[in-house]
Amino acid sequence: MSQTTADAVRTALPMAPAKNDAGIDYELFLDCVHCGLCTSACPTYVELGDENDSPRGRIYLMRAVTDGRIELDESVQKHLDLCLDCRACESACPSGVQYGKLIEPFRIHMEKTGTKPDNLSWLQKFLLYRFTPYAGRMRLALAPARFAQWTGLDTLMRKLGMYHLMPKSLRQMHEMLPPLKAHYGTMPDVWPAEGKRRARVALFTGCAADAFFPETNLATALVLQKNGCDVWIPRKQGCCGALHYHAALDQPAKDFARANCETFFPDGGEIDAIIVNAAGCGAMLKDYGHLFHGAPEEEVAAKFAHKVKDISEFLMEIGPIKPTHPLKLKAAYHDACHLCHGQQIRKQPRQLLEMIPELQLVPLNESEICCGAAGSYNLTQPEMAERLGERKAKNVLDTGADAVLSGNVGCLIQLGRYLREKKPELLIAHPIDALWASYSGDRL
Amino acid sequence: MTVAADSLAERMRSIVGAGNVLSSPSDLLVYECDGFTIEKNKPDVVVFPNSTADIVAIVKACGELGVPFVPRGAGTSLAGGCLPVGGGVMIALTRMKRILEVNYRDRYAVIEPGVVNLWLTNHLKPQGFHFAPDPSSQGACTIGGNIATNSGGPHTLKYGVTVNHVLGVELVLPDGQVVRSGGPTEDNPGYDLTGVIVGSEGTFGVAAKAWVRITRNPEAYRTLLGVFETVDDATNTISDIIGAGIIPGALEMLDSLILEAVEAAFHFGFPLDAGAVLIMEVDGLDAGLDQDAERIVEIARKNKAREVRKANTEAERLLLWKSRKQAFGAVGRLAPSYCTQDGVVPRTKLPEVLRAIQRIGAKYNLRIANVFHAGDGNIHPILLFDERDAEQVKRVLAASNEILDECIRLGGSVTGEHGIGVEKIDFMPKLFAPEDLAMMMRLRSAFNPDDRCSPHKMLPTAGACIERSHAGRHAAM
């Protein structure tokens, strides 16, 4: 293309076969009417203003590759890789485009055809896929870091610049670490309901979440118990598989999903709900049916998915007991993408927080714009993750709040990373931590 | 006159830096169309200016090289307003998105063109103000684009369209001169240049800055839902409400087909056997609103309304509005593709044009749903079809043509708010006498003498659009 053309060229609408290399149902492309209402909901578009980095643009690119209009070259992949998979576009779309069902298979396709550039070092991959998904291994791996934080060695090493001796890939991961609290050890298998039993639930404790924020799992179990639930914590449960699935590793993701279905559903239907307190895990667990679409496991997986409830969603359904101890806080609530966009849960966590005496909930501008954590995104796309982290930090600071609350591990880590130094006294916690503090009178 | 795209890109990089220029074929592809997808053409280069000075340098370079250019905001035009018909340089204003000043006491804001409409309203919300033009795309469209198309919205009826809310514009002319019309104060002497710039669809130059009016939020609302057996009863109610001297904040009609889609999507509890419903909202000072609402109920009853419901809570009101604003998307549940038309008729002709639409739908064997800004006679018939069936596409085009012709026949026009763009250019000679068009052309030439800025838009020009077999007419495919 070297010359300006004299007149607009009419391009016929392509008619592609129903199935294609990437295994995407072509009808899903046709749901997009190209109205562009998604664009300003997309964090990468809001930052860059480039249509190629908007949901509409990415769908256009994927469709153009599928139709053979363009090559899947490095530039196209760069735009697709920059997607956070936050699903803000799905909330914004009036036509019901299922963007996740386009981008995820497409990424798996890019991975399989070996055209996807490698953004992670071998060490990061090893830690991310071999350690993070296993709660026990993760606790062990974090033990030295916790020791260092507890003894003050961490601060000393930071001041002396000792961490610069670490390989860069490891340093990136270390910088993300939140202050680590002591692990609760082992919880009993079954916690009996306090008072009259209202429900029997299973608690999904997750993998990395349990190592980073053990106190939140403990608080969740206690809150459920307080609200009249028998809480069962299956010993053999494992990672939900999201970390792998979003990194286009669908086989390991399916293995985790199968194992969880077996663990939680040995005889099927005895429990009223499977409770999860991490947005990312919740969205993945609720998607198990789709994960096995057309496979023999689909029926069981869909049944499993149907039982999954976010803790805030579940509490608002059964009607929570009123907390009594005041928490004198001005608090901002950040919507985790996988809660607000992935599960359409916005009201419930806010309603829980508003029940806490003396807690004042203040509006947070752009609360639904991703903070840049997005699973392993802050490792694969550090530059954009940082821009979004700083953007979120500024919005939080503008509220003047004493606390920022969010229902997802990744967000809490990211918020801490960009806010800890700017406002050391700011409390960063899960809404359930706040709720338990108000039930128990303990400090948040 | 042609220029190698490579050297054009090189020149642009020297002005704004490599990070603000797109020139690879795959990067340019997504810029080949906006919300109007029937016609496509890639620009040769996309440039992202960051300041007025950048825009000046870009258009000067285009002048030296003799290349056309076209400004683009969010690309939500439903009429091909951002289509780079002659290729050339696309000036994407999405990185000029700062709110430069807000003055609550003098009630204006100064913004760059890439600010998204709703961002400004969100910014003003804590102080109880908003930017009044509220097109359905307000969550994504830019104020620069609103200025280009003189956008409307549901609240246009009471609050006016974009031109009523723009106090001044800083415009970069195609030769690189920067002119300023208006400013923060009202009632400037001289010709009302702001008035002609707003709605010029990017054919006069590139807006680099604007002074816009900000509006205090109404103290209270009363939102009513009228249920009618027939479309005629509903449209008669509209005329009677306006006739009684009540100016509602919004007055929207949904017919039975659209109700089916909206009910499936939002479960508001719309009656599915009704012929049409009206959403009627009055706003303003709390005192007096109840009387207005009662008069509206009375008028609706007189026109055989089956029932009139009132939104009792803010949540109910918001759900009602969500149902209305997202109605287009909900239509996706009825058919794989749809085409939203945009026409205007005098309010009293609404029953007639709706009957014509029904007749045209039957003639071409198409399902047509209606949801529109009834208060100002701005209709939006939605034609349902399947884009993969070429024969259906043809029928949709023919039916759209007939509907728009009918609007002209009834004394109306072919666009209320989407603009002419490239989509409706063939209708201009039907709407205007040759003398009127020539006058418009002379005005355009005063700003844009070489026609390098947004060529072949809005006005039919010799040699460009005349040979085209037809203008596509699918908005929002």
# chains A, B, ... in the order shown; residues from 1 in each chain; ligands from 1

$ select_by_dssp --residues "range 31-63 of chain B" --states "strand (DSSP E or B)" --output "short mmCIF file (atom, residue, chain, number, x, y, z; two decimals) with N, CA and C atoms, in the first residue's frame"
data_model
loop_
_atom_site.label_atom_id
_atom_site.label_comp_id
_atom_site.auth_asym_id
_atom_site.auth_seq_id
_atom_site.Cartn_x
_atom_site.Cartn_y
_atom_site.Cartn_z
N LYS B 40 -15.73 0.54 3.80
CA LYS B 40 -14.47 0.51 4.53
C LYS B 40 -13.34 1.05 3.68
N VAL B 45 -2.03 6.49 7.26
CA VAL B 45 -1.31 6.70 8.52
C VAL B 45 -2.32 7.12 9.58
N VAL B 46 -2.13 6.68 10.81
CA VAL B 46 -2.92 7.21 11.93
C VAL B 46 -1.97 7.98 12.84
N VAL B 47 -2.32 9.22 13.18
CA VAL B 47 -1.46 10.06 14.02
C VAL B 47 -2.22 10.45 15.28
#

$ interface_residues --of "chain B" --to "chain A" --cutoff "8 Å" --atoms "only C-alpha atoms" --output "number ranges by chain"
B: 2-6, 26-27, 29-31, 34-41, 44, 67, 74-76, 78, 84-88, 94-95, 116, 137, 139-141, 326-332, 336-337, 388, 464, 476-477

$ write_last_selection --atoms "C-alpha atoms" --output "mmCIF file, in the first residue's frame"
data_model
loop_
_atom_site.group_PDB
_atom_site.id
_atom_site.type_symbol
_atom_site.label_atom_id
_atom_site.label_comp_id
_atom_site.auth_asym_id
_atom_site.auth_seq_id
_atom_site.Cartn_x
_atom_site.Cartn_y
_atom_site.Cartn_z
ATOM 1 C CA THR B 2 -0.196 10.957 -4.316
ATOM 2 C CA VAL B 3 2.507 10.510 -1.739
ATOM 3 C CA ALA B 4 4.241 7.326 -0.739
ATOM 4 C CA ALA B 5 2.729 6.147 2.541
ATOM 5 C CA ASP B 6 6.188 5.426 3.950
ATOM 6 C CA SER B 26 -2.326 -4.674 10.543
ATOM 7 C CA ASP B 27 -2.355 -1.641 12.845
ATOM 8 C CA LEU B 29 -6.913 -2.288 9.629
ATOM 9 C CA VAL B 30 -9.062 -1.485 12.674
ATOM 10 C CA TYR B 31 -9.308 2.110 11.510
ATOM 11 C CA ASP B 34 -16.414 3.107 12.625
ATOM 12 C CA GLY B 35 -19.893 2.144 13.859
ATOM 13 C CA PHE B 36 -20.962 2.116 10.192
ATOM 14 C CA THR B 37 -19.442 -0.984 8.646
ATOM 15 C CA ILE B 38 -20.890 -1.163 5.167
ATOM 16 C CA GLU B 39 -18.108 0.825 3.578
ATOM 17 C CA LYS B 40 -14.472 0.509 4.532
ATOM 18 C CA ASN B 41 -11.216 2.147 3.655
ATOM 19 C CA ASP B 44 -2.455 5.513 5.105
ATOM 20 C CA VAL B 67 -2.776 14.602 1.324
ATOM 21 C CA ALA B 74 -13.989 7.193 19.550
ATOM 22 C CA GLY B 75 -15.235 5.993 16.159
ATOM 23 C CA THR B 76 -18.838 5.465 17.252
ATOM 24 C CA LEU B 78 -23.303 5.357 12.755
ATOM 25 C CA PRO B 84 -11.123 8.083 5.513
ATOM 26 C CA VAL B 85 -12.715 8.182 2.079
ATOM 27 C CA GLY B 86 -9.634 9.361 0.248
ATOM 28 C CA GLY B 87 -7.111 7.537 2.459
ATOM 29 C CA GLY B 88 -4.480 9.918 3.772
ATOM 30 C CA THR B 94 -8.023 10.013 21.726
ATOM 31 C CA ARG B 95 -4.825 11.119 23.456
ATOM 32 C CA VAL B 116 -15.445 10.996 26.682
ATOM 33 C CA SER B 137 -23.279 6.118 23.218
ATOM 34 C CA GLY B 139 -20.196 6.091 27.772
ATOM 35 C CA ALA B 140 -17.807 5.904 24.818
ATOM 36 C CA CYS B 141 -18.255 8.815 22.394
ATOM 37 C CA GLN B 326 -29.620 -0.512 26.077
ATOM 38 C CA ALA B 327 -32.636 -1.391 23.953
ATOM 39 C CA PHE B 328 -30.579 -1.503 20.752
ATOM 40 C CA GLY B 329 -28.260 -4.107 22.164
ATOM 41 C CA ALA B 330 -31.140 -6.160 23.499
ATOM 42 C CA VAL B 331 -32.427 -6.413 19.933
ATOM 43 C CA GLY B 332 -29.489 -8.737 19.304
ATOM 44 C CA PRO B 336 -28.319 -11.851 14.287
ATOM 45 C CA SER B 337 -28.042 -8.413 12.668
ATOM 46 C CA ARG B 388 -24.892 -13.328 5.902
ATOM 47 C CA ALA B 464 -16.488 11.527 -5.592
ATOM 48 C CA ALA B 476 -25.075 -0.034 13.648
ATOM 49 C CA MET B 477 -24.735 -3.253 11.757
#

$ residues_around --residues "range 201-216 of chain A" --least-positions-apart "2" --cutoff "6 Å" --atoms "only C-alpha atoms" --output "PDB file with N, CA and C atoms, in the first residue's frame"
ATOM      1  N   THR A 132       2.965 -21.566  42.884  1.00  0.00           N
ATOM      2  CA  THR A 132       1.795 -20.775  43.252  1.00  0.00           C
ATOM      3  C   THR A 132       0.511 -21.603  43.378  1.00  0.00           C
ATOM      4  N   PRO A 133       0.224 -22.540  42.460  1.00  0.00           N
ATOM      5  CA  PRO A 133      -1.046 -23.255  42.565  1.00  0.00           C
ATOM      6  C   PRO A 133      -1.105 -24.259  43.713  1.00  0.00           C
ATOM      7  N   TYR A 134      -0.049 -24.430  44.467  1.00  0.00           N
ATOM      8  CA  TYR A 134      -0.067 -25.410  45.548  1.00  0.00           C
ATOM      9  C   TYR A 134       0.128 -24.694  46.877  1.00  0.00           C
ATOM     10  N   ALA A 135      -0.928 -24.678  47.677  1.00  0.00           N
ATOM     11  CA  ALA A 135      -0.921 -23.879  48.902  1.00  0.00           C
ATOM     12  C   ALA A 135       0.262 -24.242  49.800  1.00  0.00           C
ATOM     13  N   ARG A 139       3.387 -21.839  50.835  1.00  0.00           N
ATOM     14  CA  ARG A 139       3.678 -21.430  52.217  1.00  0.00           C
ATOM     15  C   ARG A 139       5.155 -21.598  52.521  1.00  0.00           C
ATOM     16  N   HIS A 183       0.494 -17.821  59.504  1.00  0.00           N
ATOM     17  CA  HIS A 183      -0.554 -18.706  59.008  1.00  0.00           C
ATOM     18  C   HIS A 183      -1.309 -19.303  60.181  1.00  0.00           C
ATOM     19  N   LEU A 218      -9.499 -17.595  57.206  1.00  0.00           N
ATOM     20  CA  LEU A 218      -9.943 -17.803  58.581  1.00  0.00           C
ATOM     21  C   LEU A 218     -11.186 -16.949  58.855  1.00  0.00           C
ATOM     22  N   ALA A 219     -11.111 -15.681  58.472  1.00  0.00           N
ATOM     23  CA  ALA A 219     -12.245 -14.771  58.692  1.00  0.00           C
ATOM     24  C   ALA A 219     -13.488 -15.275  57.969  1.00  0.00           C
ATOM     25  N   VAL A 231     -19.561 -25.370  58.170  1.00  0.00           N
ATOM     26  CA  VAL A 231     -18.550 -25.114  57.144  1.00  0.00           C
ATOM     27  C   VAL A 231     -17.635 -26.318  57.003  1.00  0.00           C
ATOM     28  N   TRP A 232     -17.594 -26.852  55.797  1.00  0.00           N
ATOM     29  CA  TRP A 232     -16.751 -28.009  55.522  1.00  0.00           C
ATOM     30  C   TRP A 232     -15.568 -27.534  54.691  1.00  0.00           C
ATOM     31  N   ILE A 233     -14.329 -27.876  55.143  1.00  0.00           N
ATOM     32  CA  ILE A 233     -13.153 -27.463  54.384  1.00  0.00           C
ATOM     33  C   ILE A 233     -12.453 -28.706  53.842  1.00  0.00           C
ATOM     34  N   CYS A 239      -5.859 -25.839  43.497  1.00  0.00           N
ATOM     35  CA  CYS A 239      -5.997 -24.584  42.737  1.00  0.00           C
ATOM     36  C   CYS A 239      -7.179 -24.683  41.777  1.00  0.00           C
ATOM     37  N   ILE A 271     -24.165 -30.489  49.791  1.00  0.00           N
ATOM     38  CA  ILE A 271     -23.913 -29.143  50.283  1.00  0.00           C
ATOM     39  C   ILE A 271     -24.797 -28.133  49.572  1.00  0.00           C
ATOM     40  N   ASP A 272     -25.072 -27.021  50.277  1.00  0.00           N
ATOM     41  CA  ASP A 272     -25.924 -25.998  49.689  1.00  0.00           C
ATOM     42  C   ASP A 272     -25.139 -25.067  48.787  1.00  0.00           C
ATOM     43  N   ALA A 273     -23.857 -24.858  49.111  1.00  0.00           N
ATOM     44  CA  ALA A 273     -23.072 -23.939  48.294  1.00  0.00           C
ATOM     45  C   ALA A 273     -21.584 -24.199  48.489  1.00  0.00           C
ATOM     46  N   ILE A 274     -20.818 -23.824  47.471  1.00  0.00           N
ATOM     47  CA  ILE A 274     -19.359 -23.827  47.593  1.00  0.00           C
ATOM     48  C   ILE A 274     -18.962 -22.355  47.671  1.00  0.00           C
ATOM     49  N   ILE A 275     -18.363 -21.965  48.805  1.00  0.00           N
ATOM     50  CA  ILE A 275     -18.089 -20.546  49.031  1.00  0.00           C
ATOM     51  C   ILE A 275     -16.645 -20.219  48.671  1.00  0.00           C
ATOM     52  N   VAL A 276     -16.485 -19.106  47.967  1.00  0.00           N
ATOM     53  CA  VAL A 276     -15.146 -18.665  47.589  1.00  0.00           C
ATOM     54  C   VAL A 276     -15.018 -17.184  47.914  1.00  0.00           C
ATOM     55  N   VAL A 409      -7.338 -11.514  45.783  1.00  0.00           N
ATOM     56  CA  VAL A 409      -5.933 -11.556  46.197  1.00  0.00           C
ATOM     57  C   VAL A 409      -5.053 -10.679  45.327  1.00  0.00           C
ATOM     58  N   ASP A 433     -12.542  -9.402  55.916  1.00  0.00           N
ATOM     59  CA  ASP A 433     -11.686  -9.080  57.071  1.00  0.00           C
ATOM     60  C   ASP A 433     -12.358  -7.991  57.910  1.00  0.00           C
TER      61      ASP A 433
END

$ closest_residue --among "A:Gln225, A:Gln360, A:Gln343, A:Asn217" --to "Leu327 in chain A" --atoms "only C-alpha atoms"
A:Gln360

$ residues_around --residues "Glu417 in chain B" --least-positions-apart "6" --cutoff "7 Å" --atoms "only C-alpha atoms" --output "list of chain:residue names"
B:Thr149, B:Asn150, B:Ser151, B:Gly152

$ residues_around --residues "Gln344 in chain A" --least-positions-apart "3" --cutoff "12 Å" --atoms "only C-alpha atoms" --output "ChimeraX atom specification"
/A:87-88,90-92,279,282-283,309-310,312-313,335-341,347-349,368

$ write_last_selection --atoms "C-alpha atoms" --output "PDB file, in the first residue's frame"
ATOM      1  CA  ARG A  87     -14.046  -8.413  30.998  1.00  0.00           C
ATOM      2  CA  ALA A  88     -14.969  -4.772  31.529  1.00  0.00           C
ATOM      3  CA  GLU A  90     -18.563  -7.565  28.579  1.00  0.00           C
ATOM      4  CA  SER A  91     -20.234  -5.355  31.184  1.00  0.00           C
ATOM      5  CA  ALA A  92     -20.268  -2.440  28.756  1.00  0.00           C
ATOM      6  CA  ALA A 279     -12.900 -13.077  42.762  1.00  0.00           C
ATOM      7  CA  GLY A 282     -14.798 -17.623  41.876  1.00  0.00           C
ATOM      8  CA  ALA A 283     -15.096 -16.601  38.231  1.00  0.00           C
ATOM      9  CA  LYS A 309     -21.053 -18.498  45.366  1.00  0.00           C
ATOM     10  CA  ASP A 310     -18.882 -15.569  46.265  1.00  0.00           C
ATOM     11  CA  SER A 312     -20.659 -11.611  49.686  1.00  0.00           C
ATOM     12  CA  GLU A 313     -23.222 -12.974  47.230  1.00  0.00           C
ATOM     13  CA  ASP A 335     -14.320  -3.599  42.301  1.00  0.00           C
ATOM     14  CA  ALA A 336     -12.227  -6.633  41.427  1.00  0.00           C
ATOM     15  CA  CYS A 337     -12.750  -7.291  37.699  1.00  0.00           C
ATOM     16  CA  HIS A 338     -13.635 -10.916  38.226  1.00  0.00           C
ATOM     17  CA  LEU A 339     -16.322  -9.945  40.711  1.00  0.00           C
ATOM     18  CA  CYS A 340     -17.954  -6.998  38.928  1.00  0.00           C
ATOM     19  CA  HIS A 341     -17.433  -8.012  35.306  1.00  0.00           C
ATOM     20  CA  LYS A 347     -23.886  -4.369  45.315  1.00  0.00           C
ATOM     21  CA  GLN A 348     -23.350  -7.196  47.781  1.00  0.00           C
ATOM     22  CA  PRO A 349     -19.850  -6.379  49.097  1.00  0.00           C
ATOM     23  CA  GLU A 368     -14.395  -0.719  37.845  1.00  0.00           C
TER      24      GLU A 368
END

$ residues_around --residues "Glu294 in chain B" --least-positions-apart "2" --cutoff "12 Å" --atoms "only C-alpha atoms" --output "VMD selection string"
chain B and resid 222 to 224 241 246 280 to 282 288 to 292 296 to 301 308 to 310

$ write_last_selection --atoms "N, CA and C atoms" --output "PDB file, in the first residue's frame"
ATOM      1  N   ARG B 222     -39.988  12.728  38.229  1.00  0.00           N
ATOM      2  CA  ARG B 222     -41.136  11.828  38.315  1.00  0.00           C
ATOM      3  C   ARG B 222     -41.111  11.043  37.006  1.00  0.00           C
ATOM      4  N   THR B 223     -41.007   9.742  37.118  1.00  0.00           N
ATOM      5  CA  THR B 223     -40.885   8.922  35.915  1.00  0.00           C
ATOM      6  C   THR B 223     -42.094   8.005  35.813  1.00  0.00           C
ATOM      7  N   LEU B 224     -42.778   8.102  34.677  1.00  0.00           N
ATOM      8  CA  LEU B 224     -44.019   7.346  34.492  1.00  0.00           C
ATOM      9  C   LEU B 224     -43.889   6.409  33.301  1.00  0.00           C
ATOM     10  N   ILE B 241     -49.393  15.934  25.309  1.00  0.00           N
ATOM     11  CA  ILE B 241     -48.574  16.389  26.450  1.00  0.00           C
ATOM     12  C   ILE B 241     -47.861  17.681  26.081  1.00  0.00           C
ATOM     13  N   ILE B 246     -46.556  21.148  28.716  1.00  0.00           N
ATOM     14  CA  ILE B 246     -45.611  20.484  29.618  1.00  0.00           C
ATOM     15  C   ILE B 246     -44.374  20.119  28.787  1.00  0.00           C
ATOM     16  N   MET B 280     -42.236   8.448  30.323  1.00  0.00           N
ATOM     17  CA  MET B 280     -42.469   9.896  30.398  1.00  0.00           C
ATOM     18  C   MET B 280     -41.835  10.397  31.684  1.00  0.00           C
ATOM     19  N   GLU B 281     -40.913  11.346  31.537  1.00  0.00           N
ATOM     20  CA  GLU B 281     -40.213  11.822  32.732  1.00  0.00           C
ATOM     21  C   GLU B 281     -40.273  13.334  32.805  1.00  0.00           C
ATOM     22  N   VAL B 282     -40.711  13.845  33.954  1.00  0.00           N
ATOM     23  CA  VAL B 282     -40.626  15.288  34.191  1.00  0.00           C
ATOM     24  C   VAL B 282     -39.589  15.510  35.277  1.00  0.00           C
ATOM     25  N   GLY B 288     -44.291  21.177  42.424  1.00  0.00           N
ATOM     26  CA  GLY B 288     -44.918  21.324  41.112  1.00  0.00           C
ATOM     27  C   GLY B 288     -44.803  20.092  40.241  1.00  0.00           C
ATOM     28  N   LEU B 289     -43.867  19.215  40.552  1.00  0.00           N
ATOM     29  CA  LEU B 289     -43.685  18.032  39.704  1.00  0.00           C
ATOM     30  C   LEU B 289     -44.873  17.084  39.811  1.00  0.00           C
ATOM     31  N   ASP B 290     -45.421  16.960  41.023  1.00  0.00           N
ATOM     32  CA  ASP B 290     -46.559  16.060  41.192  1.00  0.00           C
ATOM     33  C   ASP B 290     -47.745  16.505  40.338  1.00  0.00           C
ATOM     34  N   GLN B 291     -47.961  17.823  40.270  1.00  0.00           N
ATOM     35  CA  GLN B 291     -49.056  18.328  39.432  1.00  0.00           C
ATOM     36  C   GLN B 291     -48.811  17.969  37.966  1.00  0.00           C
ATOM     37  N   ASP B 292     -47.560  18.178  37.494  1.00  0.00           N
ATOM     38  CA  ASP B 292     -47.241  17.850  36.101  1.00  0.00           C
ATOM     39  C   ASP B 292     -47.482  16.367  35.850  1.00  0.00           C
ATOM     40  N   ILE B 296     -50.090  14.548  33.225  1.00  0.00           N
ATOM     41  CA  ILE B 296     -49.671  13.572  32.220  1.00  0.00           C
ATOM     42  C   ILE B 296     -50.520  12.301  32.324  1.00  0.00           C
ATOM     43  N   VAL B 297     -50.759  11.854  33.556  1.00  0.00           N
ATOM     44  CA  VAL B 297     -51.590  10.660  33.756  1.00  0.00           C
ATOM     45  C   VAL B 297     -52.972  10.887  33.153  1.00  0.00           C
ATOM     46  N   GLU B 298     -53.504  12.073  33.403  1.00  0.00           N
ATOM     47  CA  GLU B 298     -54.833  12.414  32.885  1.00  0.00           C
ATOM     48  C   GLU B 298     -54.860  12.350  31.349  1.00  0.00           C
ATOM     49  N   ILE B 299     -53.843  12.958  30.741  1.00  0.00           N
ATOM     50  CA  ILE B 299     -53.768  12.990  29.273  1.00  0.00           C
ATOM     51  C   ILE B 299     -53.653  11.563  28.716  1.00  0.00           C
ATOM     52  N   ALA B 300     -52.828  10.750  29.371  1.00  0.00           N
ATOM     53  CA  ALA B 300     -52.657   9.373  28.915  1.00  0.00           C
ATOM     54  C   ALA B 300     -53.978   8.613  29.012  1.00  0.00           C
ATOM     55  N   ARG B 301     -54.702   8.796  30.129  1.00  0.00           N
ATOM     56  CA  ARG B 301     -55.993   8.114  30.331  1.00  0.00           C
ATOM     57  C   ARG B 301     -56.975   8.522  29.246  1.00  0.00           C
ATOM     58  N   VAL B 308     -51.163   3.505  33.829  1.00  0.00           N
ATOM     59  CA  VAL B 308     -49.977   4.349  33.944  1.00  0.00           C
ATOM     60  C   VAL B 308     -49.296   3.997  35.263  1.00  0.00           C
ATOM     61  N   ARG B 309     -48.031   3.532  35.155  1.00  0.00           N
ATOM     62  CA  ARG B 309     -47.300   3.164  36.368  1.00  0.00           C
ATOM     63  C   ARG B 309     -46.282   4.238  36.697  1.00  0.00           C
ATOM     64  N   LYS B 310     -45.931   4.271  37.967  1.00  0.00           N
ATOM     65  CA  LYS B 310     -44.954   5.262  38.398  1.00  0.00           C
ATOM     66  C   LYS B 310     -43.733   4.545  38.961  1.00  0.00           C
TER      67      LYS B 310
END

$ residues_around --residues "Glu383 in chain A" --least-positions-apart "3" --cutoff "12 Å" --atoms "only C-alpha atoms" --output "VMD selection string"
chain A and resid 44 47 82 172 372 to 373 377 to 380 386 to 390

$ closest_residue --among "A:Leu405, A:Ile345, A:Leu291, A:Cys86" --to "Lys254 in chain A" --atoms "only C-alpha atoms"
A:Leu291

$ closest_residue --among "B:Cys339, B:Leu28, B:Ile425, B:Val102" --to "Arg395 in chain B" --atoms "only C-alpha atoms"
B:Cys339

$ select_by_dssp --residues "range 165-265 of chain B" --states "alpha helix (DSSP H)" --output "PDB file with C-alpha atoms, in the first residue's frame"
ATOM      1  CA  LEU B 193     -19.104  30.807  14.138  1.00  0.00           C
ATOM      2  CA  THR B 194     -19.576  28.309  16.956  1.00  0.00           C
ATOM      3  CA  GLY B 195     -23.061  27.702  15.592  1.00  0.00           C
ATOM      4  CA  VAL B 196     -21.767  26.688  12.166  1.00  0.00           C
ATOM      5  CA  ILE B 197     -18.782  24.716  13.450  1.00  0.00           C
ATOM      6  CA  VAL B 231     -49.127   2.894  18.742  1.00  0.00           C
ATOM      7  CA  ASP B 232     -51.611   5.580  17.671  1.00  0.00           C
ATOM      8  CA  ASP B 233     -52.864   6.077  21.223  1.00  0.00           C
ATOM      9  CA  ALA B 234     -49.281   6.443  22.417  1.00  0.00           C
ATOM     10  CA  THR B 235     -48.278   8.967  19.756  1.00  0.00           C
ATOM     11  CA  ASN B 236     -51.461  10.998  20.304  1.00  0.00           C
ATOM     12  CA  THR B 237     -50.551  11.163  23.982  1.00  0.00           C
ATOM     13  CA  ILE B 238     -47.159  12.611  23.064  1.00  0.00           C
ATOM     14  CA  SER B 239     -48.672  15.405  20.985  1.00  0.00           C
ATOM     15  CA  ASP B 240     -51.225  16.176  23.701  1.00  0.00           C
ATOM     16  CA  ILE B 241     -48.574  16.389  26.450  1.00  0.00           C
ATOM     17  CA  ILE B 242     -46.503  18.876  24.480  1.00  0.00           C
ATOM     18  CA  GLY B 243     -49.702  20.653  23.416  1.00  0.00           C
ATOM     19  CA  SER B 256     -44.298  -4.299  21.145  1.00  0.00           C
ATOM     20  CA  LEU B 257     -41.398  -5.942  19.304  1.00  0.00           C
ATOM     21  CA  ILE B 258     -38.796  -3.974  21.227  1.00  0.00           C
ATOM     22  CA  LEU B 259     -40.667  -4.692  24.471  1.00  0.00           C
ATOM     23  CA  GLU B 260     -40.219  -8.388  23.819  1.00  0.00           C
ATOM     24  CA  ALA B 261     -36.429  -7.951  23.536  1.00  0.00           C
ATOM     25  CA  VAL B 262     -36.066  -5.579  26.445  1.00  0.00           C
ATOM     26  CA  GLU B 263     -38.179  -7.735  28.745  1.00  0.00           C
ATOM     27  CA  ALA B 264     -36.032 -10.771  27.915  1.00  0.00           C
ATOM     28  CA  ALA B 265     -32.892  -8.803  28.733  1.00  0.00           C
TER      29      ALA B 265
END

$ atom_distance --atom1 "CA of Ile360 in chain B" --atom2 "CA of Ala274 in chain B"
21.7 Å

$ closest_atom_pairs --of "range 201-238 of chain B" --to "range 124-132 of chain B" --cutoff "7 Å" --atoms "only C-alpha atoms" --output "CSV"
residue,atom,partner,partner_atom,distance
B:Ile214,CA,B:Phe131,CA,5.2
B:Thr215,CA,B:His130,CA,5.3
B:Arg216,CA,B:Phe129,CA,4.3
B:Asn217,CA,B:Phe129,CA,5.2

$ write_last_selection --atoms "C-alpha atoms" --output "PDB file, in the first residue's frame"
ATOM      1  CA  ILE B 214     -22.297  22.589  32.504  1.00  0.00           C
ATOM      2  CA  THR B 215     -25.807  22.066  33.857  1.00  0.00           C
ATOM      3  CA  ARG B 216     -27.025  21.659  37.421  1.00  0.00           C
ATOM      4  CA  ASN B 217     -28.724  18.304  38.067  1.00  0.00           C
TER       5      ASN B 217
END

$ closest_residue --among "B:Thr121, B:Arg11, B:Asp436, B:Gly249" --to "Tyr159 in chain B" --atoms "only C-alpha atoms"
B:Gly249
